[in-house]
$ cat run33.cif   # mmCIF, C-alpha atoms
data_run
#
loop_
_atom_site.group_PDB
_atom_site.id
_atom_site.type_symbol
_atom_site.label_atom_id
_atom_site.label_comp_id
_atom_site.auth_asym_id
_atom_site.auth_seq_id
_atom_site.Cartn_x
_atom_site.Cartn_y
_atom_site.Cartn_z
ATOM 1 C CA MET F 83 -4.952 -4.029 -8.073
ATOM 2 C CA VAL F 84 -3.416 -1.064 -9.895
ATOM 3 C CA ASP F 85 -0.410 -1.054 -7.563
ATOM 4 C CA ALA F 86 0.023 -4.823 -7.864
ATOM 5 C CA LEU F 87 0.019 -4.648 -11.666
ATOM 6 C CA LEU F 88 2.416 -1.703 -11.663
ATOM 7 C CA SER F 89 4.742 -3.569 -9.301
ATOM 8 C CA ALA F 90 4.634 -6.677 -11.479
ATOM 9 C CA ALA F 91 5.445 -4.613 -14.573
ATOM 10 C CA ILE F 92 8.398 -2.917 -12.868
ATOM 11 C CA ALA F 93 9.694 -6.249 -11.555
ATOM 12 C CA TRP F 94 9.289 -7.841 -14.973
ATOM 13 C CA ALA F 95 11.298 -4.997 -16.543
ATOM 14 C CA PHE F 96 14.236 -5.954 -14.313
ATOM 15 C CA SER F 97 13.876 -9.728 -14.603
ATOM 16 C CA ALA F 98 12.861 -10.183 -18.269
ATOM 17 C CA PRO F 99 12.820 -12.564 -20.016
ATOM 18 C CA GLU F 100 12.340 -14.581 -16.800
ATOM 19 C CA LEU F 101 9.201 -14.166 -14.707
ATOM 20 C CA PRO F 102 9.707 -11.805 -11.741
ATOM 21 C CA GLY F 103 8.519 -14.238 -9.056
ATOM 22 C CA ASN F 104 8.885 -12.779 -5.559
ATOM 23 C CA LEU F 105 10.672 -9.717 -6.921
ATOM 24 C CA SER F 106 7.245 -8.243 -7.658
ATOM 25 C CA LEU F 107 6.368 -8.514 -3.937
ATOM 26 C CA LEU F 108 9.557 -6.668 -3.036
ATOM 27 C CA VAL F 109 8.784 -3.955 -5.603
ATOM 28 C CA PHE F 110 5.208 -3.738 -4.263
ATOM 29 C CA PHE F 111 6.494 -3.352 -0.702
ATOM 30 C CA VAL F 112 8.978 -0.610 -1.591
ATOM 31 C CA LEU F 113 6.602 1.218 -3.957
ATOM 32 C CA THR F 114 3.746 1.186 -1.457
ATOM 33 C CA ALA F 115 5.712 1.995 1.703
ATOM 34 C CA VAL F 116 7.681 4.841 0.136
ATOM 35 C CA SER F 117 4.778 6.416 -1.737
ATOM 36 C CA VAL F 118 2.468 6.237 1.297
ATOM 37 C CA ALA F 119 5.145 7.683 3.613
ATOM 38 C CA VAL F 120 6.096 10.493 1.213
ATOM 39 C CA PHE F 121 2.859 11.333 -0.609
ATOM 40 C CA GLY F 122 0.143 9.784 1.577
ATOM 41 C CA GLN F 123 -1.097 7.696 -1.346
ATOM 42 C CA THR F 124 0.071 5.023 -3.744
ATOM 43 C CA PRO F 125 -0.036 5.439 -7.527
ATOM 44 C CA GLY F 126 -3.229 3.349 -7.524
ATOM 45 C CA HIS F 127 -4.785 5.559 -4.851
ATOM 46 C CA ARG F 128 -3.887 8.639 -6.893
ATOM 47 C CA LEU F 129 -5.404 7.188 -10.047
ATOM 48 C CA LEU F 130 -8.637 6.336 -8.232
ATOM 49 C CA GLY F 131 -8.855 9.579 -6.227
ATOM 50 C CA LEU F 132 -8.047 8.067 -2.841
ATOM 51 C CA ARG F 133 -5.547 8.827 -0.088
ATOM 52 C CA LEU F 134 -4.500 7.414 3.255
ATOM 53 C CA ALA F 135 -5.849 9.355 6.234
ATOM 54 C CA HIS F 136 -3.759 9.814 9.366
ATOM 55 C CA PRO F 137 -5.410 9.368 12.791
ATOM 56 C CA THR F 138 -4.661 13.035 13.553
ATOM 57 C CA PRO F 139 -6.183 15.356 10.930
ATOM 58 C CA GLY F 140 -3.586 17.392 9.036
ATOM 59 C CA ALA F 141 -0.598 15.383 10.305
ATOM 60 C CA ARG F 142 1.825 13.524 8.040
ATOM 61 C CA LEU F 143 1.855 9.754 8.176
ATOM 62 C CA ALA F 144 4.811 8.444 10.209
ATOM 63 C CA PRO F 145 7.143 6.220 8.185
ATOM 64 C CA TRP F 146 6.691 3.364 10.679
ATOM 65 C CA ARG F 147 2.938 3.360 9.986
ATOM 66 C CA ALA F 148 3.575 3.132 6.246
ATOM 67 C CA VAL F 149 6.059 0.262 6.671
ATOM 68 C CA VAL F 150 3.914 -1.721 9.130
ATOM 69 C CA ARG F 151 0.756 -1.174 7.052
ATOM 70 C CA THR F 152 2.530 -2.301 3.891
ATOM 71 C CA ALA F 153 4.094 -5.335 5.585
ATOM 72 C CA LEU F 154 0.646 -6.418 6.759
ATOM 73 C CA LEU F 155 -0.792 -5.733 3.315
ATOM 74 C CA VAL F 156 1.828 -7.977 1.695
ATOM 75 C CA LEU F 157 0.574 -10.801 3.927
ATOM 76 C CA LEU F 158 -2.843 -10.276 2.230
ATOM 77 C CA VAL F 159 -4.846 -11.807 5.072
ATOM 78 C CA PRO F 160 -5.201 -8.511 7.005
ATOM 79 C CA ALA F 161 -6.597 -6.839 3.877
ATOM 80 C CA LEU F 162 -9.257 -9.524 3.567
ATOM 81 C CA ILE F 163 -10.420 -9.118 7.164
ATOM 82 C CA THR F 164 -12.558 -5.982 7.423
ATOM 83 C CA ASP F 165 -14.653 -4.330 10.082
ATOM 84 C CA ALA F 166 -18.100 -2.750 9.816
ATOM 85 C CA ASP F 167 -16.542 0.443 8.394
ATOM 86 C CA GLY F 168 -14.829 -1.508 5.597
ATOM 87 C CA ARG F 169 -11.355 -0.895 7.021
ATOM 88 C CA GLY F 170 -8.921 -3.759 6.658
ATOM 89 C CA LEU F 171 -7.044 -5.160 9.625
ATOM 90 C CA HIS F 172 -3.856 -3.529 8.305
ATOM 91 C CA ASP F 173 -5.558 -0.123 8.545
ATOM 92 C CA ARG F 174 -7.075 -0.824 11.961
ATOM 93 C CA LEU F 175 -3.730 -1.873 13.442
ATOM 94 C CA THR F 176 -1.920 1.222 12.126
ATOM 95 C CA GLY F 177 -4.741 3.663 12.848
ATOM 96 C CA THR F 178 -5.155 4.669 9.209
ATOM 97 C CA ALA F 179 -8.022 4.680 6.733
ATOM 98 C CA VAL F 180 -8.322 4.984 2.961
ATOM 99 C CA VAL F 181 -10.580 7.931 2.134
ATOM 100 C CA ASN F 182 -11.619 9.915 -0.929
ATOM 101 C CA ALA F 183 -9.080 12.580 -1.792
#
$ encode --input "run33.cif" --output "structure tokens"
Amino acid sequence: MVDALLSAAIAWAFSAPELPGNLSLLVFFVLTAVSVAVFGQTPGHRLLGLRLAHPTPGARLAPWRAVVRTALLVLLVPALITDADGRGLHDRLTGTAVVNA
């Protein structure tokens, strides 16, 4: 939710006085994919003390994982489908997990 609101605010800053519309989705995609690939967490994750775990401990997240995970997250449906561990489909398909930092 934090990342969605931040993305909407950034998009609104570039589209004001009009509503941002789908520009906020584009900003969300770029913000999430880049921050996860570079830092291993989004601004919302950082604020809440979370990070994205790689399948191999200590390894950096490959950019393709960040892009695919974010693309699936933008579709929203994979995030709503979870397994017994609470991992969304977008995390299961990319082999990642959100954990406490």
$ atom_distance --input "run33.cif" --atom1 "CA of Ser89 in chain F" --atom2 "CA of Ala115 in chain F"
12.4 Å
$ resolve_selection --input "run33.cif" --expression "the PyMOL selection byres ((chain F and resi 110-114) around 10)" --output "JSON, numbers by chain"
{"F": [85, 86, 87, 88, 89, 90, 92, 93, 104, 105, 106, 107, 108, 109, 115, 116, 117, 118, 119, 120, 122, 123, 124, 125, 126, 148, 149, 151, 152, 153, 154, 155, 156]}
$ resolve_selection --input "run33.cif" --expression "the PyMOL selection byres ((chain F and resi 130-141) around 6)" --output "VMD selection string"
chain F and resid 122 to 123 127 to 129 142 to 143 177 to 183
$ atom_distance --input "run33.cif" --atom1 "CA of Phe96 in chain F" --atom2 "CA of Val150 in chain F"
26.0 Å
$ atom_distance --input "run33.cif" --atom1 "CA of Arg147 in chain F" --atom2 "CA of Asp167 in chain F"
19.8 Å
$ axis_aligned_box --input "run33.cif" --around "range 148-165 of chain F" --padding-each-side "4 Å" --output "JSON"
{"center_x": -4.3, "center_y": -4.3, "center_z": 5.9, "size_x": 28.7, "size_y": 22.9, "size_z": 16.4}
$ closest_residue --input "run33.cif" --among "F:Pro160, F:Ser97, F:Val84, F:Gly103" --to "Asp173 in chain F" --atoms "only C-alpha atoms"
F:Pro160
